[in-house]
Amino acid sequence: MTETVKRIKESASFIHNKIIKKHKPSMHFPIRALSNVKYTVKRGYFELKGQKKIRTLTVNTVKTFAQTLRLMSLSKELIEKDDIATKREAYYVSKNWGDARFDEQPESDTLMDDVEAMFEVNREQLGFIPEEKGGDVAGQLVVVDRDHDTGKQIKIDCTRFGSGAYSIPISVEHLKFETKAKFVLVIETAGMFQRLVKHNYWKKSNCILISMGGVPTRACRRFIRRLSEGKKIPVYVFVDGDPYGITNIYRTLKVGSGNAAHINKYFCVPKARYLGITPKDIIDYKLPTHPLKDVDIKRAKDALKNDPFIKSHKEWQDAINELIDMGVRAEQQALAKHGLNYVIEKYLPQKLKKTDSFLP
Amino acid sequence: MTTKKAVSKRNKKQSDHAPEITAHDLAKGQREISVSEFFTKNRHLLGFDNPRKALLTTIKEGMDNSLDACEEAKILPDIKIKIEPVDNAEGRFRVTIEDNGPGILKSQMPRIFGKLLYGSKFHRLKMSRGQQGIGISAAGMYGQLTTGKPVLITSKISPKKPAHHYSLVIDTQRNEPKIVKDVEVKWDVKRGTKVIIELEAKYQKGRQSVDDYIEQTAIANPHADITYINPEGEKIRYSRTSKELPVEPKEIKPHPYGIELGILIKMLHDTKAKNLQSFLMKDFSRVSAKVAKEICKKANLYEKARPTRIAAQEADALYKAIKLTKIMNPPTDCISPIGEELIIQGIKKQMNADFFTSNTRTPTVYRGNPFLVEVGLAYGGDLPEEGIIRLLRFANRVPLQYQQSACIITESVMNTAWRNYGLQQSSGALPTGPVILMVHLASVWVPFTSESKESIAHYPEIEKEIKLALQECGRHLSKFIRKKKKAAEEIKKKSYIKKYIPHIGIALKEILNLNDKQELKIVNTLTDTLERSRS
C-alpha cells in the first residue's frame, strides 16, 4: 500500500469516526495563494505559511464534501490499479456519480487541487495527470526511461532529434540522466528554441536546451530540477524582458507558485539564474521595445508589493523598478534586430562569460 | 438669400425715416384670444398630443366627472364606458360614457360641455378628481375639431321627469356653446348622464392604454361598478367590492400659506368683507381675530382698512406679513382616503398575488394645502419575477399614466432603499421584482406639473410622506420575504441532505471497504446530525 493510499484511508476513517459519534466531520486544507507562502533564500522555494481553511460538513457544504470524498475514492482506486486519469477523464468519471457529478471541469479541478494540498502530495501521486505538455529538450543529454510493458531500459539521446526535440513526459520521477553538458539553457519561447536547435547551438556551447513554452508545467520544473541536481549542472534562464517573463515564468521555475505551494519543495529549481533579457540588456543592446501596458505595470507593482521572492532580492526590486521607470518591455526575439543569428554569435557568448552577474 | 449688405441698407432706411409699421398697424392684429382658440393651438397642454392619448384623456375626463358627480350626490357609481370604431372611417371612434349620477340641469348642460373653464371645482378647495373645469369640454372640442361631430349629451335628473338631449358644438371664437339639437327623449333609467363624443383616436393595448386606465380606476375606486366595452366588442366588468361611499371630503377655505400674491389680490377685490381684519378671518381658514390683528400689525396696515384699497397698494406688504406670521395648519379632516383595507381589496380584485399590504398616513400640509398619502403593495403570485416593479400612481383616485419620470411619486420610490426590504434595486432606479406598488396622493389641491395632470410636482413635505408610507409597506414586505426565503431554504436544505449524504456513504464505503450495514449507518446518522443542527 502506497503512502498516499494510507493517508486517504486515515483521513476517511477519521471522518467515519466523527460521523458515527454524531459529530460533524471537517477537512483541513492549506490556503493555496501567494499570501500563504514564505520565502527564504536559504531554503530556496516558496513554503506554506500554515494558514488553513476548514471545510466542516454542514448542509451548505454537503455537496462539496461528498464530491471530495468521491474524488479521494477514485484516487485510491487509480493508485491501487496502477492506472492514471487525466483531469478531464476524472471529470467524466464523475458523470457516473448521479447528483454528486461535476457540471464543469473547473469544479473538479479545484477539488482535485484541494485534495492534493490536503495530503501535501503531487496530483500525479493521486493518479491524476494534467493534459498539458511538459516541455521540449534538445542537446547533450541522454534520458534513461523504461518500457512500460517489459520494464527494459530505453536510452533516449537528445542529440538525435534533428530539427525536432524530446518531449518531457508528465511523470519524470523514474527518469535517469547521462550528460556531460556544461549548463542547461531554459528558454521561454518555442521560436527562440527552434533557432538554437536549428543552428546546433548546443553542440557549439556543450549544453542542454529546454523550451518551456510559457509558464513551466510541474513536470518541466521537476525535470529540470532532477537533471540539474543529479548531474550538478547550472541552469540559466532566457525569457522575455517583461514583468510576465520575470515574475511569472522565471519566478515559478525558480521558487514555485502560490497555488501549488505544498509541492514547491520538489517542483522548482532554486539554483536557476536569470540570463536575460534584463533591463540593462535593453539599454546595452539597444533593443527595440514595446511600451508597458497597464496590466504589465500592475503585475510588476503587485510583485514588488506581494511576491515574497521579489521582496527578498534587492537586485530584482531594482531591476523591476528600472523596467517600470523605462516604461518598456523587450522580447527575447528582439535581438534579431542585429541579425538573425546575433543571439548565437554575440549575445549568448557575451552573457555566458559573466554568469556571476546573472540576476538571482 | 439676403446678403449682409442688403440688411444694413434696410436698417439704415428704418432708422432714418419714420417706421413703416405703426402702433396702429400692430393694434389691428391684437385681439382677445378665446380660450377655445388657444386650446386648438395648444392641445398638448391638455393631454391631446396624439390620437392615442386623446382617447385616453377623453375617457379619463368623462369618468372623472361621472365619479365626482355620483359621490357628491351620495350615489354608488355605476359607470359604463363603450368605445366603438366608426364604420367606414379608419382612426375614428365613438366614445360613450354613462353614469347613474344626479344628472345635470338642462340650463347648465350647454355651458358644462360647451364652454371651457366652466365648472364648479376651480372656485373651491375640496378634494375632487377634476380641478379646473377644463376637461370634458376640451374632449368635446377635440372631437369636434377632428371629426366635425357635435357632442351628444343626454341627462335625466329625476325618475319623474323626461330625459333631455342636446347636441352641442363650441364656437371656438367666442368660447360659447352652440346648440345644434335640443329635444326631450325617453331614457329608461332613474337618473344619470350619458355623453357621446366622436373623435379621431387610436386604440392600443398595453401600458398607458385605456384598458390599463380603467383597470387602475377600478382599483382606486372599489365602491364603483365599472362596465367597459372595448373597440373589439369585449365586455369587461369591474364589479363593486365595497358598498361604502368614500367619506365626503369637506370643502375648506384657503389657508393663508397656500395662496400666491396674484390670488391674494383677486380675493381682496372680490371679498364681501368690509375691512381687512374680517376679510382675513372670513375668507381664510385658521385665521382668528388675534392672528388677523397680528398680520395687520406686521404688514403695518390699518385693520379697518378697505380690502379693495389694500389690493391696489399694499397687497405685497400683506403677503409678506402672512408668511411671517405663525398660523395654525389648516384642518385636515377635509381629505377622504381610500383606506388601508379598501386599497388591499382593490388590488386583490385585479391581481393574483401572495402578499398584500397597505398604509394610509395621517393628513398633513404642504404650502397650506392639506394632503394625505396612501400606499398599497402586492407581491409574488402571478406578478412577473423579472424586470422592474409596476408602479401605479394616483392623485385623488385618478390614475396617472404619463410622465412617470417627472413625478414626485416615482422619485420617492426610487429614493427609497428597497434593498433593505428584500427587493433588488440599482441605484437611481425603480426596484425590480414581482411587485405592484400603488401610491395615492389625496389633496384639496394636487400640485400637478402641468394642466394635463400627468405628474405631481416636487414638494419636500409630499416626498417625505410618500417615503414614510413606502417604508412602512416595505417593512411589512421584508418580513414576508424573509419568511418565504427561510421556508424555501429549509426545503432546499432538506433536498440537499437527501441528495448528497448517500454519496458520502458510498465514498467512505469504497475507501474503507465497509459493508452495506455500516454504509447505511453513516447515511442515517449523518442525516440525523445535519437535520438536528438546522433547527
# chains A, B, ... in the order shown; residues from 1 in each chain; ligands from 1

call {"tool": "interface_residues", "arguments": {"of": "chain B", "to": "chain A", "cutoff": "6 Å", "atoms": "only C-alpha atoms", "output": "JSON list (two decimals) with C-alpha atoms, in the first residue's frame"}}
result
[["chain", "number", "residue", "atom", "x", "y", "z"],
["B", 500, "TYR", "CA", -25.67, 14.23, -1.22],
["B", 503, "HIS", "CA", -22.55, 9.85, -1.73],
["B", 504, "ILE", "CA", -20.61, 10.35, 1.47],
["B", 507, "ALA", "CA", -17.25, 7.11, -0.88],
["B", 511, "ILE", "CA", -12.30, 3.81, 0.65],
["B", 529, "THR", "CA", -26.96, 15.08, 12.74]]

call {"tool": "residues_around", "arguments": {"residues": "stretch 102-113 of chain B", "least_positions_apart": "2", "cutoff": "10 Å", "atoms": "only C-alpha atoms", "output": "PyMOL selection string"}}
result
chain B and resi 66+69-75+99-100+115-120+133-141+151-158+163-170+175-179+182+190-195

call {"tool": "select_by_dssp", "arguments": {"residues": "stretch 274-441 of chain B", "states": "strand (DSSP E or B)", "output": "MDAnalysis selection string"}}
result
chainID B and resid 355:360 364:366 369:379 388 390:395 398:400 424 432 435:441

call {"tool": "select_by_dssp", "arguments": {"residues": "stretch 108-284 of chain A", "states": "helix (DSSP H, G or I)", "output": "count of residues only"}}
result
66

call {"tool": "residues_around", "arguments": {"residues": "stretch 320-322 of chain A", "least_positions_apart": "3", "cutoff": "12 Å", "atoms": "only C-alpha atoms", "output": "NGL selection string"}}
result
:A and (241-247 or 278-283 or 292 or 296-305 or 310-311 or 313-317 or 325-329 or 359)

call {"tool": "atom_distance", "arguments": {"atom1": "atom CA of A:Gln332", "atom2": "atom CA of A:Asp240"}}
result
4.9 Å

call {"tool": "atom_distance", "arguments": {"atom1": "atom CA of B:Asn513", "atom2": "atom CA of A:Phe14"}}
result
14.3 Å

call {"tool": "closest_residue", "arguments": {"among": "B:Arg475, B:Lys297, B:Arg393, B:Arg129", "to": "B:Lys60", "atoms": "only C-alpha atoms"}}
result
B:Arg129

call {"tool": "residues_around", "arguments": {"residues": "B:Arg309", "least_positions_apart": "4", "cutoff": "10 Å", "atoms": "only C-alpha atoms", "output": "list in words"}}
result
Leu268, His269, Asn275, Leu276, Ala305, Gln313, Glu314 and Ala315 of chain B

call {"tool": "write_last_selection", "arguments": {"atoms": "N, CA and C atoms", "output": "mmCIF file, in the first residue's frame"}}
result
data_model
loop_
_atom_site.group_PDB
_atom_site.id
_atom_site.type_symbol
_atom_site.label_atom_id
_atom_site.label_comp_id
_atom_site.auth_asym_id
_atom_site.auth_seq_id
_atom_site.Cartn_x
_atom_site.Cartn_y
_atom_site.Cartn_z
ATOM 1 N N LEU B 268 -58.852 89.989 -2.461
ATOM 2 C CA LEU B 268 -59.097 91.295 -1.840
ATOM 3 C C LEU B 268 -60.150 92.068 -2.647
ATOM 4 N N HIS B 269 -60.071 91.921 -3.942
ATOM 5 C CA HIS B 269 -61.037 92.589 -4.823
ATOM 6 C C HIS B 269 -62.430 92.014 -4.669
ATOM 7 N N ASN B 275 -63.813 95.121 5.934
ATOM 8 C CA ASN B 275 -62.489 95.603 6.320
ATOM 9 C C ASN B 275 -61.471 94.463 6.313
ATOM 10 N N LEU B 276 -60.227 94.844 6.446
ATOM 11 C CA LEU B 276 -59.126 93.901 6.283
ATOM 12 C C LEU B 276 -59.184 92.744 7.278
ATOM 13 N N ALA B 305 -58.972 98.919 7.386
ATOM 14 C CA ALA B 305 -58.827 99.397 6.007
ATOM 15 C C ALA B 305 -59.713 98.602 5.066
ATOM 16 N N GLN B 313 -52.711 98.859 -3.398
ATOM 17 C CA GLN B 313 -51.416 99.400 -2.995
ATOM 18 C C GLN B 313 -50.564 98.533 -2.082
ATOM 19 N N GLU B 314 -51.199 97.854 -1.139
ATOM 20 C CA GLU B 314 -50.375 97.263 -0.089
ATOM 21 C C GLU B 314 -50.446 95.726 -0.018
ATOM 22 N N ALA B 315 -50.926 95.130 -1.085
ATOM 23 C CA ALA B 315 -51.074 93.668 -1.078
ATOM 24 C C ALA B 315 -49.733 92.969 -0.835
#

call {"tool": "atom_distance", "arguments": {"atom1": "atom CA of B:Val247", "atom2": "atom CA of B:Met281"}}
result
27.4 Å

call {"tool": "residues_around", "arguments": {"residues": "stretch 31-43 of chain A", "least_positions_apart": "2", "cutoff": "8 Å", "atoms": "only C-alpha atoms", "output": "list of chain:residue names"}}
result
A:Phe29, A:Tyr45, A:Phe46, A:Glu47, A:Leu48, A:Lys49, A:Gly50, A:Gln51, A:Lys52, A:Lys53, A:Ala117, A:Ser257, A:Gly258, A:Asn259, A:Ala260, A:Ala261, A:Asn306, A:Asp307, A:Pro308, A:Phe309, A:Ser312

call {"tool": "decode", "arguments": {"residues": "stretch 413-424 of chain B", "atoms": "C-alpha atoms", "output": "PDB file, in the first residue's frame"}}
result
ATOM      1  CA  VAL B 413     -39.984  55.263  -4.839  1.00  0.00           C
ATOM      2  CA  MET B 414     -36.539  55.476  -6.449  1.00  0.00           C
ATOM      3  CA  ASN B 415     -35.095  57.220  -3.402  1.00  0.00           C
ATOM      4  CA  THR B 416     -36.340  54.547  -1.036  1.00  0.00           C
ATOM      5  CA  ALA B 417     -33.796  51.852  -0.178  1.00  0.00           C
ATOM      6  CA  TRP B 418     -35.714  48.797  -1.318  1.00  0.00           C
ATOM      7  CA  ARG B 419     -32.753  46.509  -0.843  1.00  0.00           C
ATOM      8  CA  ASN B 420     -33.416  46.830   2.885  1.00  0.00           C
ATOM      9  CA  TYR B 421     -36.815  45.319   2.229  1.00  0.00           C
ATOM     10  CA  GLY B 422     -35.697  42.330   0.178  1.00  0.00           C
ATOM     11  CA  LEU B 423     -36.065  43.716  -3.358  1.00  0.00           C
ATOM     12  CA  GLN B 424     -33.277  44.294  -5.831  1.00  0.00           C
TER      13      GLN B 424
END
